[in-house]
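Listing of final_21.txt; format and content: compact mmCIF, C-alpha atoms and all ligand atoms.
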# COMPACT_ATOMS: atom_id res chain seq x y z
CA MET A 1 4.01 33.81 16.90
CA GLN A 2 4.89 32.12 13.60
CA PRO A 3 7.22 29.10 13.92
CA PRO A 4 10.58 29.68 12.23
CA SER A 5 10.38 28.48 8.64
CA VAL A 6 12.46 25.40 7.86
CA PRO A 7 14.10 25.39 4.43
CA THR A 8 12.79 22.61 2.22
CA PRO A 9 15.53 20.80 0.30
CA PRO A 10 14.88 21.06 -3.44
CA LYS A 11 13.95 17.82 -5.20
CA SER A 12 15.22 16.96 -8.64
CA LEU A 13 12.80 16.46 -11.51
CA VAL A 14 15.45 14.79 -13.62
CA THR A 15 15.77 11.01 -13.82
CA PRO A 16 19.26 10.15 -12.46
CA PRO A 17 21.77 8.87 -15.07
CA GLU A 18 22.02 5.41 -13.44
CA MET A 19 18.25 4.95 -13.63
CA ARG A 20 18.25 6.21 -17.24
CA ALA A 21 20.88 3.64 -18.16
CA HIS A 22 18.88 0.92 -16.38
CA LEU A 23 15.65 1.85 -18.15
CA ASP A 24 17.53 2.03 -21.48
CA ALA A 25 18.74 -1.54 -20.91
CA CYS A 26 15.22 -2.72 -19.96
CA LEU A 27 13.72 -0.99 -23.00
CA ASP A 28 16.37 -2.40 -25.34
CA GLN A 29 15.80 -5.88 -23.99
CA ALA A 30 12.02 -5.51 -24.40
CA GLY A 31 12.23 -4.21 -27.98
CA GLY A 32 11.74 -0.54 -27.06
CA TRP A 33 8.42 -0.82 -25.18
CA LEU A 34 7.67 -1.60 -21.53
CA SER A 35 4.14 -2.24 -20.36
CA PHE A 36 3.24 0.13 -17.53
CA ASP A 37 3.38 -2.57 -14.86
CA GLN A 38 6.92 -3.51 -15.98
CA PHE A 39 7.91 0.17 -15.93
CA MET A 40 6.37 0.74 -12.49
CA ALA A 41 8.18 -2.31 -11.11
CA GLU A 42 11.53 -0.90 -12.31
CA ALA A 43 10.74 2.67 -11.20
CA LEU A 44 9.90 1.52 -7.68
CA TYR A 45 11.95 -1.62 -7.06
CA ALA A 46 14.98 -1.85 -9.40
CA PRO A 47 17.75 -2.83 -6.91
CA GLY A 48 19.52 0.26 -5.57
CA LEU A 49 17.80 2.57 -8.08
CA GLY A 50 14.03 2.23 -7.73
CA TYR A 51 12.18 4.63 -5.49
CA TYR A 52 11.74 2.12 -2.65
CA ALA A 53 15.15 0.56 -3.24
CA ASN A 54 17.37 3.67 -3.12
CA ALA A 55 18.70 5.59 -0.13
CA LEU A 56 16.33 8.60 -0.30
CA PRO A 57 14.28 9.36 2.85
CA LYS A 58 10.78 8.62 1.36
CA LEU A 59 8.50 8.38 4.42
CA GLY A 60 8.11 11.23 6.89
CA GLN A 61 5.93 14.02 8.12
CA MET A 62 7.17 17.13 6.32
CA PRO A 63 8.99 18.08 3.11
CA ALA A 64 11.67 19.67 5.30
CA ASP A 65 12.79 16.22 6.51
CA GLY A 66 13.40 15.23 2.88
CA SER A 67 10.39 12.90 2.79
CA ASP A 68 7.79 12.62 0.05
CA PHE A 69 4.66 11.38 1.78
CA VAL A 70 3.28 10.40 5.15
CA THR A 71 1.55 7.16 6.13
CA ALA A 72 -0.60 6.53 9.20
CA PRO A 73 2.18 4.96 11.33
CA GLU A 74 4.49 7.86 10.41
CA LEU A 75 1.80 10.43 11.18
CA SER A 76 1.12 9.30 14.73
CA PRO A 77 1.95 6.40 17.08
CA VAL A 78 -1.74 6.49 18.10
CA PHE A 79 -2.40 4.56 14.86
CA ALA A 80 -0.33 1.53 15.84
CA ARG A 81 -1.37 1.74 19.51
CA THR A 82 -5.02 1.53 18.45
CA LEU A 83 -4.35 -1.13 15.81
CA ALA A 84 -2.65 -3.17 18.55
CA LYS A 85 -6.06 -3.68 20.17
CA GLN A 86 -7.40 -5.35 17.01
CA VAL A 87 -4.21 -7.33 16.51
CA SER A 88 -4.26 -8.54 20.11
CA GLN A 89 -7.91 -9.66 19.88
CA ALA A 90 -7.28 -11.29 16.49
CA MET A 91 -4.29 -13.24 17.85
CA ALA A 92 -6.41 -14.53 20.72
CA LEU A 93 -9.43 -15.33 18.48
CA CYS A 94 -7.34 -17.15 15.90
CA GLY A 95 -5.01 -18.80 18.43
CA VAL A 96 -1.77 -17.50 16.88
CA ASP A 97 1.30 -15.86 18.41
CA ALA A 98 2.96 -14.35 15.31
CA ILE A 99 2.54 -11.16 13.31
CA TRP A 100 3.61 -11.05 9.67
CA GLU A 101 3.89 -7.52 8.33
CA PHE A 102 4.22 -6.95 4.58
CA GLY A 103 5.95 -3.76 3.44
CA GLY A 104 7.33 -2.52 6.75
CA GLY A 105 8.47 0.90 5.42
CA SER A 106 10.61 2.65 8.03
CA GLY A 107 9.70 0.11 10.73
CA ALA A 108 7.48 2.65 12.52
CA LEU A 109 4.42 0.39 12.62
CA ALA A 110 6.40 -2.63 13.83
CA GLU A 111 8.14 -0.61 16.54
CA THR A 112 4.97 0.83 18.10
CA LEU A 113 3.00 -2.40 17.69
CA ILE A 114 5.70 -4.45 19.41
CA GLU A 115 6.16 -1.88 22.16
CA THR A 116 2.40 -1.69 22.82
CA LEU A 117 1.73 -5.42 22.67
CA LEU A 118 4.65 -6.31 24.95
CA GLN A 119 3.27 -3.98 27.63
CA ASP A 120 0.19 -6.21 27.90
CA PRO A 121 0.89 -9.14 30.27
CA ALA A 122 -1.75 -11.21 28.44
CA CYS A 123 -0.05 -10.61 25.09
CA ARG A 124 0.55 -13.74 23.03
CA LEU A 125 3.12 -12.17 20.69
CA LYS A 126 6.21 -14.36 20.28
CA GLN A 127 7.32 -13.68 16.73
CA TYR A 128 7.33 -10.65 14.40
CA VAL A 129 8.17 -11.33 10.76
CA ILE A 130 8.56 -8.64 8.10
CA VAL A 131 8.42 -9.24 4.37
CA GLU A 132 10.03 -6.28 2.62
CA LEU A 133 10.96 -6.05 -1.06
CA SER A 134 13.42 -3.21 -0.58
CA ALA A 135 16.86 -4.10 0.83
CA GLU A 136 17.33 -0.45 1.81
CA LEU A 137 14.10 -0.37 3.86
CA ARG A 138 14.88 -3.78 5.33
CA ALA A 139 18.16 -2.36 6.66
CA ARG A 140 16.33 0.63 8.18
CA GLN A 141 13.81 -1.69 9.83
CA GLN A 142 16.59 -3.87 11.22
CA THR A 143 18.32 -0.88 12.83
CA ARG A 144 15.07 0.42 14.28
CA LEU A 145 13.94 -2.90 15.74
CA LEU A 146 17.33 -3.87 17.18
CA PRO A 147 16.33 -2.88 20.77
CA TYR A 148 13.45 -5.40 20.70
CA MET A 149 15.42 -8.38 19.38
CA SER A 150 16.15 -9.68 22.87
CA ARG A 151 12.46 -9.61 23.83
CA LEU A 152 10.92 -11.63 21.00
CA SER A 153 11.87 -13.30 17.75
CA ILE A 154 12.07 -10.73 14.95
CA ARG A 155 13.05 -11.81 11.47
CA TRP A 156 12.79 -10.89 7.81
CA ALA A 157 11.36 -13.44 5.39
CA THR A 158 12.04 -13.54 1.66
CA GLU A 159 9.86 -16.51 0.75
CA TRP A 160 6.24 -17.45 1.19
CA PRO A 161 5.85 -19.70 4.22
CA THR A 162 3.89 -22.92 4.11
CA GLN A 163 1.20 -23.27 6.78
CA LEU A 164 1.31 -19.64 7.88
CA ALA A 165 -0.29 -19.14 11.30
CA ALA A 166 -0.31 -15.42 12.02
CA VAL A 167 -2.07 -12.10 12.00
CA VAL A 168 -0.93 -10.62 8.69
CA ILE A 169 -0.80 -6.84 8.33
CA GLY A 170 -0.31 -4.73 5.22
CA ASN A 171 -0.53 -0.97 5.63
CA GLU A 172 -0.27 0.85 2.29
CA VAL A 173 1.30 -2.15 0.57
CA LEU A 174 -1.31 -2.94 -2.06
CA ASP A 175 -1.15 0.63 -3.38
CA ALA A 176 2.58 0.19 -4.06
CA MET A 177 2.16 -2.88 -6.28
CA PRO A 178 2.59 -2.37 -10.04
CA VAL A 179 -0.58 -2.08 -12.15
CA SER A 180 -1.33 -2.39 -15.86
CA LEU A 181 -2.90 0.60 -17.58
CA LEU A 182 -5.55 -0.02 -20.21
CA VAL A 183 -6.92 2.95 -22.07
CA ARG A 184 -9.98 3.32 -24.25
CA ARG A 185 -9.40 5.91 -26.95
CA ASN A 186 -12.04 6.66 -29.59
CA GLY A 187 -13.86 3.48 -28.56
CA ARG A 188 -10.78 1.21 -28.95
CA TRP A 189 -8.94 -0.45 -26.03
CA LEU A 190 -5.15 -0.14 -25.91
CA GLU A 191 -2.50 -1.19 -23.41
CA ARG A 192 -0.55 1.79 -22.17
CA GLY A 193 3.20 1.41 -21.99
CA VAL A 194 6.37 3.46 -21.97
CA SER A 195 8.97 4.08 -24.65
CA ARG A 196 11.96 6.39 -25.05
CA VAL A 197 11.91 9.54 -27.11
CA ILE A 198 15.23 10.06 -28.86
CA PRO A 199 15.29 13.32 -30.76
CA ALA A 200 17.41 12.82 -33.89
CA GLU A 201 19.54 15.85 -33.14
CA ALA A 202 20.13 15.33 -29.41
CA ALA A 203 20.36 11.86 -27.90
CA ALA A 204 21.34 13.62 -24.65
CA ASP A 205 17.78 14.92 -24.34
CA TRP A 206 16.62 11.67 -22.74
CA ARG A 207 12.89 11.51 -22.30
CA LEU A 208 10.22 8.87 -21.82
CA ALA A 209 6.81 9.00 -23.42
CA TRP A 210 3.53 7.11 -23.20
CA ALA A 211 3.18 4.53 -25.95
CA ASP A 212 -0.12 2.70 -26.42
CA ARG A 213 -0.47 -0.65 -28.20
CA PRO A 214 -3.61 -2.43 -29.33
CA LEU A 215 -4.89 -4.72 -26.61
CA GLN A 216 -4.66 -8.36 -27.70
CA THR A 217 -7.53 -9.56 -25.49
CA PRO A 218 -10.73 -7.80 -24.33
CA PRO A 219 -10.27 -5.64 -21.17
CA PRO A 220 -10.82 -7.64 -17.97
CA ARG A 221 -13.96 -5.68 -17.15
CA THR A 222 -16.66 -3.81 -18.99
CA ILE A 223 -16.82 -0.05 -18.69
CA ALA A 224 -20.17 1.35 -19.81
CA GLY A 225 -20.10 3.96 -22.58
CA GLU A 226 -17.76 4.71 -25.44
CA HIS A 227 -15.95 7.70 -23.93
CA ASP A 228 -12.20 7.80 -23.37
CA TYR A 229 -11.32 5.92 -20.20
CA THR A 230 -8.23 4.84 -18.24
CA LEU A 231 -8.53 1.50 -16.46
CA GLU A 232 -6.00 0.32 -13.89
CA TRP A 233 -5.68 -3.42 -13.57
CA HIS A 234 -4.24 -4.78 -10.34
CA ALA A 235 -3.16 -8.26 -11.45
CA GLN A 236 -0.15 -8.28 -9.09
CA ALA A 237 -2.18 -7.31 -6.03
CA GLN A 238 -4.69 -10.05 -6.84
CA ALA A 239 -1.92 -12.62 -7.37
CA TRP A 240 -0.42 -11.54 -4.04
CA ILE A 241 -3.64 -12.13 -2.09
CA VAL A 242 -4.08 -15.52 -3.79
CA ALA A 243 -0.51 -16.52 -2.81
CA LEU A 244 -1.22 -15.37 0.74
CA ALA A 245 -4.47 -17.34 0.84
CA HIS A 246 -2.60 -20.47 -0.26
CA ALA A 247 0.10 -19.95 2.37
CA MET A 248 -2.34 -19.26 5.20
CA ASP A 249 -3.28 -22.06 7.53
CA ARG A 250 -4.60 -20.13 10.53
CA GLY A 251 -5.05 -16.47 11.38
CA CYS A 252 -6.34 -13.38 9.64
CA VAL A 253 -5.23 -10.67 7.21
CA LEU A 254 -5.67 -6.96 7.89
CA LEU A 255 -5.24 -4.71 4.86
CA ILE A 256 -5.30 -0.94 5.28
CA ASP A 257 -5.05 1.35 2.29
CA TYR A 258 -6.65 4.11 0.27
CA GLY A 259 -9.16 2.80 -2.20
CA PHE A 260 -12.72 2.05 -3.14
CA THR A 261 -15.19 -0.71 -3.84
CA GLU A 262 -15.39 -1.60 -7.54
CA ALA A 263 -18.65 0.32 -8.03
CA GLU A 264 -16.86 3.53 -7.07
CA TYR A 265 -13.49 2.62 -8.57
CA TYR A 266 -14.72 1.79 -12.06
CA HIS A 267 -17.60 4.22 -12.19
CA PRO A 268 -17.93 5.41 -15.81
CA GLN A 269 -17.54 9.00 -14.63
CA ARG A 270 -14.17 8.30 -12.95
CA HIS A 271 -12.49 8.09 -16.34
CA MET A 272 -8.98 9.25 -15.43
CA GLY A 273 -7.91 6.38 -13.18
CA THR A 274 -6.17 6.97 -9.84
CA LEU A 275 -2.47 6.87 -10.74
CA MET A 276 -0.52 9.39 -8.64
CA CYS A 277 3.07 10.28 -7.87
CA HIS A 278 4.32 11.81 -4.65
CA GLN A 279 7.42 13.92 -4.23
CA ALA A 280 8.11 16.36 -1.39
CA HIS A 281 4.48 15.93 -0.21
CA ARG A 282 3.14 17.15 -3.53
CA ALA A 283 1.06 14.95 -5.79
CA ASP A 284 1.36 14.86 -9.58
CA THR A 285 0.26 12.55 -12.37
CA ASN A 286 3.45 12.16 -14.41
CA PRO A 287 5.45 9.00 -13.54
CA LEU A 288 7.73 9.44 -16.58
CA VAL A 289 9.90 12.18 -15.05
CA ALA A 290 12.15 11.98 -11.98
CA VAL A 291 11.97 8.19 -12.24
CA GLY A 292 13.23 6.62 -9.01
CA LEU A 293 12.90 9.95 -7.19
CA LYS A 294 9.17 9.83 -6.54
CA ASP A 295 6.58 7.38 -5.42
CA ILE A 296 4.11 5.96 -7.95
CA THR A 297 0.86 4.61 -6.59
CA THR A 298 -2.75 3.75 -7.38
CA HIS A 299 -5.80 3.38 -5.18
CA VAL A 300 -6.81 -0.15 -4.23
CA ASP A 301 -9.81 -1.96 -5.74
CA PHE A 302 -10.97 -3.62 -2.51
CA THR A 303 -13.70 -5.63 -4.25
CA ALA A 304 -11.12 -7.34 -6.49
CA ILE A 305 -8.98 -8.18 -3.45
CA ALA A 306 -12.00 -9.48 -1.50
CA VAL A 307 -13.22 -11.61 -4.43
CA ALA A 308 -9.76 -13.08 -5.12
CA ALA A 309 -9.42 -13.87 -1.40
CA GLN A 310 -12.86 -15.45 -1.17
CA ASP A 311 -12.17 -17.63 -4.20
CA HIS A 312 -9.21 -19.08 -2.27
CA GLU A 313 -10.73 -19.82 1.13
CA LEU A 314 -10.15 -16.46 2.79
CA ALA A 315 -13.50 -15.06 3.94
CA VAL A 316 -14.29 -11.35 4.27
CA MET A 317 -14.97 -10.70 7.97
CA GLY A 318 -15.20 -6.92 7.86
CA PHE A 319 -14.69 -3.85 5.67
CA THR A 320 -14.98 -0.29 6.82
CA SER A 321 -13.30 3.11 6.71
CA GLN A 322 -10.10 3.68 8.68
CA GLY A 323 -11.89 6.28 10.82
CA ARG A 324 -14.69 3.87 11.82
CA PHE A 325 -12.24 1.01 12.30
CA LEU A 326 -10.03 3.00 14.67
CA ILE A 327 -13.00 4.30 16.66
CA ASN A 328 -14.34 0.73 17.00
CA CYS A 329 -10.91 -0.32 18.31
CA GLY A 330 -10.89 2.33 21.05
CA PHE A 331 -9.12 5.24 19.33
CA LEU A 332 -10.65 7.85 21.63
CA GLU A 333 -9.43 6.02 24.71
CA VAL A 334 -5.91 5.70 23.29
CA LEU A 335 -5.98 9.38 22.35
CA GLN A 336 -6.43 10.40 26.00
CA SER A 337 -2.84 9.42 26.79
CA ALA A 338 -1.38 11.68 24.07
CA SER A 339 -0.35 15.34 24.52
CA THR A 340 -2.63 18.01 23.04
CA GLU A 341 -0.21 18.53 20.16
CA ALA A 342 -0.06 14.78 19.49
CA GLN A 343 -3.85 14.58 19.66
CA VAL A 344 -4.23 17.19 16.94
CA GLN A 345 -1.92 15.15 14.72
CA ALA A 346 -3.62 11.84 15.55
CA LEU A 347 -7.08 13.19 14.75
CA LYS A 348 -6.04 13.31 11.09
CA LEU A 349 -6.23 9.51 11.18
CA ILE A 350 -10.00 9.61 11.63
CA HIS A 351 -11.10 12.94 10.14
CA GLU A 352 -13.13 12.28 7.02
CA HIS A 353 -11.34 14.95 4.99
CA GLU A 354 -7.92 13.55 5.97
CA MET A 355 -7.31 9.77 6.27
CA GLY A 356 -10.56 8.73 7.94
CA GLU A 357 -12.75 8.04 4.91
CA LEU A 358 -10.52 7.49 1.86
CA PHE A 359 -8.54 4.83 3.74
CA LYS A 360 -10.33 1.53 4.23
CA VAL A 361 -9.66 -1.55 6.33
CA LEU A 362 -10.41 -5.06 5.11
CA ILE A 363 -10.12 -8.12 7.34
CA LEU A 364 -10.04 -11.67 5.98
CA CYS A 365 -9.79 -15.00 7.72
CA LYS A 366 -9.59 -18.65 6.78
CA ASP A 367 -13.03 -20.01 5.83
CA ARG A 368 -12.92 -22.78 8.39
CA HIS A 369 -12.42 -20.33 11.28
CA THR A 370 -15.24 -17.91 10.49
CA VAL A 371 -17.73 -19.76 12.68
CA ASP A 372 -15.48 -19.48 15.75
CA VAL A 373 -14.73 -15.81 15.08
CA ASN A 374 -18.42 -14.99 14.64
CA ALA A 375 -19.34 -16.99 17.75
CA ALA A 376 -16.88 -14.81 19.70
CA GLY A 377 -18.62 -11.64 18.46
CA GLY A 378 -16.39 -10.94 15.43
CA PHE A 379 -13.36 -8.69 15.08
CA ILE A 380 -13.61 -5.58 17.29
CA GLY A 381 -12.66 -3.13 14.53
CA PHE A 382 -15.81 -3.94 12.58
CA THR A 383 -18.47 -4.22 15.27
CA ALA A 384 -20.18 -1.04 14.05
CA PHE A 385 -20.34 0.49 10.55
CA ASP A 386 -19.25 -2.65 8.74
CA ARG A 387 -19.55 -2.09 4.98
CA SER A 388 -18.74 -5.59 3.74
CA HIS A 389 -22.05 -5.60 1.83
CA THR A 390 -20.77 -2.75 -0.39
CA LEU A 391 -17.85 -4.78 -1.76
C1 LIG B 1 3.81 3.02 0.78
S1 LIG B 1 5.03 2.09 1.57
C2 LIG B 1 4.24 1.76 3.13
C3 LIG B 1 5.20 1.47 4.23
C4 LIG B 1 4.60 1.18 5.60
N1 LIG B 1 3.72 0.04 5.57
C5 LIG B 1 3.89 2.37 6.15
O1 LIG B 1 2.66 2.35 6.23
O2 LIG B 1 4.55 3.34 6.51
C6 LIG B 1 4.95 0.54 0.71
C7 LIG B 1 5.85 -0.54 1.29
O3 LIG B 1 5.49 -1.80 0.72
C8 LIG B 1 6.67 -2.47 0.28
N2 LIG B 1 6.20 -3.47 -0.71
C9 LIG B 1 5.62 -3.27 -1.90
N3 LIG B 1 5.26 -4.43 -2.48
C10 LIG B 1 5.59 -5.40 -1.59
C11 LIG B 1 5.46 -6.83 -1.59
N4 LIG B 1 4.93 -7.48 -2.61
N5 LIG B 1 5.91 -7.50 -0.52
C12 LIG B 1 6.45 -6.86 0.54
N6 LIG B 1 6.62 -5.51 0.59
C13 LIG B 1 6.19 -4.80 -0.46
C14 LIG B 1 7.55 -1.33 -0.18
O4 LIG B 1 8.88 -1.68 -0.34
C15 LIG B 1 7.31 -0.36 0.99
O5 LIG B 1 8.03 -0.72 2.14
Before anything else, please render the file you have as structure tokens.
Ligand SMILES: C[S@@+](CC[C@H](N)C(=O)[O-])C[C@H]1O[C@@H](n2cnc3c(N)ncnc32)[C@H](O)[C@@H]1O
Amino acid sequence: MQPPSVPTPPKSLVTPPEMRAHLDACLDQAGGWLSFDQFMAEALYAPGLGYYANALPKLGQMPADGSDFVTAPELSPVFARTLAKQVSQAMALCGVDAIWEFGGGSGALAETLIETLLQDPACRLKQYVIVELSAELRARQQTRLLPYMSRLSIRWATEWPTQLAAVVIGNEVLDAMPVSLLVRRNGRWLERGVSRVIPAEAAADWRLAWADRPLQTPPPRTIAGEHDYTLEWHAQAQAWIVALAHAMDRGCVLLIDYGFTEAEYYHPQRHMGTLMCHQAHRADTNPLVAVGLKDITTHVDFTAIAVAAQDHELAVMGFTSQGRFLINCGFLEVLQSASTEAQVQALKLIHEHEMGELFKVLILCKDRHTVDVNAAGGFIGFTAFDRSHTL
């Protein structure tokens, strides 16, 4: 029997007037041109208006719930229950009792992680800290985690700590950080930005357009050939990992996201870049419409993150696909406790054509602790199928 069809709420393709006015003000202030990273920062994080900052549902399983995309913790609690095994071992190995989560989304990952870890009598967890750019998502996380507040310290941080001692987790955070777009057209490199199109006859027909400017400095990496090419540059993600490396005193960093090593990412044949938008669980490549109403994202260059980390005393301790990582952590064992229906859903986390291969997991730890971690046999999520050598 077919399940009854659930009506999907229609999503607007028109940039809301408040966001238009905000972008107008930003463009006016910047002389009529915003670099793409400036535009992406406004489109996603402008207070109250940006995609992550407004009250729209965003994360969820189906278009019918008003959401735009699903992440692993939203897809199945089996993700966080399995991740808890790595987090627990990492806390013991590194001698820390805090988790710092960056970009907590709906709070789904925090909720299941806390619930799972507190069930273990040997659990060291005493403190859960979330760093979240969006005030709207912070409020959702606070409501969701309220029942756990009496059982451990839960707080939201707005500044980098000094001497951070924690297991740091970022699930799909790097992909939400603004990028610059550099384009090679007819052999010449340009920086891609955004400007406003104002038709002489109808100022009401508000529209944004791509606007490319000559690049003042050579592109940060060489792309073989002369053909047209779009290069994404993740300066903010690299600055973020450097800031984290400086803050970190003890512990490790687990980053989970879709992305590639640089050899795959910047392959001359992958000339279109990876920029994507998500609305109502459909992907498109036009971030200039429905601004603030859809997610804008790029894949992660894991080599750049690993190199920036290594240059600042955070060593790469493992890199593998999400599927391999979860299996190493005991996914199949965790799966046993789920219902058949929940198992079908959870298997998407490891299937290669779903989230199992495109998503990668990178683990970093302070240089001076690598010897101890290796002596203890390394991090459990990377015991087999480690691909660190491909970075
Ligand atoms: C794609 S969502 C992922 C949410 C959640 N981690 C999940 O997997 O469901 C990206 C999240 O990262 C947050 N974010 C982006 N940049 C951030 C930063 N620099 N620091 C903290 N949070 C950030 C966004 O506000 C949002 O909560």
Excluding same-chain residues fewer than 2 positions from range 378-381 of chain A, what lies within 8 Å of it counting all atoms listed in the file, as a PDB file with C-alpha atoms, keeping the file's coordinate frame?
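To be explicit, this is the file written out as selection26.pdb:
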ATOM      1  CA  GLN A  86      -7.400  -5.350  17.010  1.00  0.00           C
ATOM      2  CA  GLN A  89      -7.910  -9.660  19.880  1.00  0.00           C
ATOM      3  CA  ALA A  90      -7.280 -11.290  16.490  1.00  0.00           C
ATOM      4  CA  MET A 317     -14.970 -10.700   7.970  1.00  0.00           C
ATOM      5  CA  GLY A 318     -15.200  -6.920   7.860  1.00  0.00           C
ATOM      6  CA  ARG A 324     -14.690   3.870  11.820  1.00  0.00           C
ATOM      7  CA  PHE A 325     -12.240   1.010  12.300  1.00  0.00           C
ATOM      8  CA  LEU A 326     -10.030   3.000  14.670  1.00  0.00           C
ATOM      9  CA  ILE A 327     -13.000   4.300  16.660  1.00  0.00           C
ATOM     10  CA  ASN A 328     -14.340   0.730  17.000  1.00  0.00           C
ATOM     11  CA  CYS A 329     -10.910  -0.320  18.310  1.00  0.00           C
ATOM     12  CA  VAL A 373     -14.730 -15.810  15.080  1.00  0.00           C
ATOM     13  CA  ASN A 374     -18.420 -14.990  14.640  1.00  0.00           C
ATOM     14  CA  ALA A 375     -19.340 -16.990  17.750  1.00  0.00           C
ATOM     15  CA  ALA A 376     -16.880 -14.810  19.700  1.00  0.00           C
ATOM     16  CA  THR A 383     -18.470  -4.220  15.270  1.00  0.00           C
ATOM     17  CA  ALA A 384     -20.180  -1.040  14.050  1.00  0.00           C
TER      18      ALA A 384
END
Check every protein, DNA and RNA residue against ligand LIG 1 (chain B), keep those with an atom at most 8 Å away (counting only C-alpha atoms and all ligand atoms), and present them as a PDB file with C-alpha atoms, keeping the file's coordinate frame.
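Below is the file that was written, pocket_24.pdb:
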ATOM      1  CA  TYR A  45      11.950  -1.620  -7.060  1.00  0.00           C
ATOM      2  CA  TYR A  52      11.740   2.120  -2.650  1.00  0.00           C
ATOM      3  CA  ALA A  53      15.150   0.560  -3.240  1.00  0.00           C
ATOM      4  CA  LEU A  59       8.500   8.380   4.420  1.00  0.00           C
ATOM      5  CA  VAL A  70       3.280  10.400   5.150  1.00  0.00           C
ATOM      6  CA  THR A  71       1.550   7.160   6.130  1.00  0.00           C
ATOM      7  CA  ALA A  72      -0.600   6.530   9.200  1.00  0.00           C
ATOM      8  CA  PRO A  73       2.180   4.960  11.330  1.00  0.00           C
ATOM      9  CA  GLU A  74       4.490   7.860  10.410  1.00  0.00           C
ATOM     10  CA  PHE A 102       4.220  -6.950   4.580  1.00  0.00           C
ATOM     11  CA  GLY A 103       5.950  -3.760   3.440  1.00  0.00           C
ATOM     12  CA  GLY A 104       7.330  -2.520   6.750  1.00  0.00           C
ATOM     13  CA  GLY A 105       8.470   0.900   5.420  1.00  0.00           C
ATOM     14  CA  SER A 106      10.610   2.650   8.030  1.00  0.00           C
ATOM     15  CA  GLY A 107       9.700   0.110  10.730  1.00  0.00           C
ATOM     16  CA  ALA A 108       7.480   2.650  12.520  1.00  0.00           C
ATOM     17  CA  LEU A 109       4.420   0.390  12.620  1.00  0.00           C
ATOM     18  CA  VAL A 131       8.420  -9.240   4.370  1.00  0.00           C
ATOM     19  CA  GLU A 132      10.030  -6.280   2.620  1.00  0.00           C
ATOM     20  CA  LEU A 133      10.960  -6.050  -1.060  1.00  0.00           C
ATOM     21  CA  SER A 134      13.420  -3.210  -0.580  1.00  0.00           C
ATOM     22  CA  LEU A 137      14.100  -0.370   3.860  1.00  0.00           C
ATOM     23  CA  GLY A 170      -0.310  -4.730   5.220  1.00  0.00           C
ATOM     24  CA  ASN A 171      -0.530  -0.970   5.630  1.00  0.00           C
ATOM     25  CA  GLU A 172      -0.270   0.850   2.290  1.00  0.00           C
ATOM     26  CA  VAL A 173       1.300  -2.150   0.570  1.00  0.00           C
ATOM     27  CA  LEU A 174      -1.310  -2.940  -2.060  1.00  0.00           C
ATOM     28  CA  ASP A 175      -1.150   0.630  -3.380  1.00  0.00           C
ATOM     29  CA  ALA A 176       2.580   0.190  -4.060  1.00  0.00           C
ATOM     30  CA  MET A 177       2.160  -2.880  -6.280  1.00  0.00           C
ATOM     31  CA  ALA A 237      -2.180  -7.310  -6.030  1.00  0.00           C
ATOM     32  CA  TRP A 240      -0.420 -11.540  -4.040  1.00  0.00           C
TER      33      TRP A 240
END
Point-to-point distance from CA of Pro77 in chain A to CA of Ala306 in chain A, Å rounded to tenths: 28.1 Å
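The gap separating CA of His369 in chain A from CA of Thr390 in chain A is 22.7 Å, in Å to one decimal.
Contact shell of Val194 in chain A at 9 Å (only C-alpha atoms; same-chain neighbours under 4 positions omitted): Leu27, Gly32, Trp33, Leu34, Ser35, Phe36, Phe39, Leu208, Ala209, Trp210, Ala211, Asp212 and Leu288 of chain A.
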Residue among A:Gln236, A:Ser321, A:Thr297, A:Gln345 lying closest to Gly273 in chain A, counting only C-alpha atoms: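 Nearest candidate to Gly273 in chain A out of A:Gln236, A:Ser321, A:Thr297, A:Gln345: A:Thr297.
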Point (-4.5, -18.1, 17.0) neighbourhood (10 Å, only C-alpha atoms) written as a PyMOL selection string: chain A and resi 89-98+124+165-167+250-252
Best match for closeness to Phe359 in chain A among A:Val14, A:Ile256, A:Val78, A:Val371, counting only C-alpha atoms: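 Closest to Phe359 in chain A, using only C-alpha atoms: A:Ile256.
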For Pro287 in chain A, the nearest of the candidates A:Thr320, A:Arg207, A:Glu136, A:Ala55, counting all atoms listed in the file: A:Arg207
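Across A:Lys126, A:His299, A:His281, A:Arg81, the tightest approach to Pro178 in chain A is made by A:His299 when counting only C-alpha atoms.
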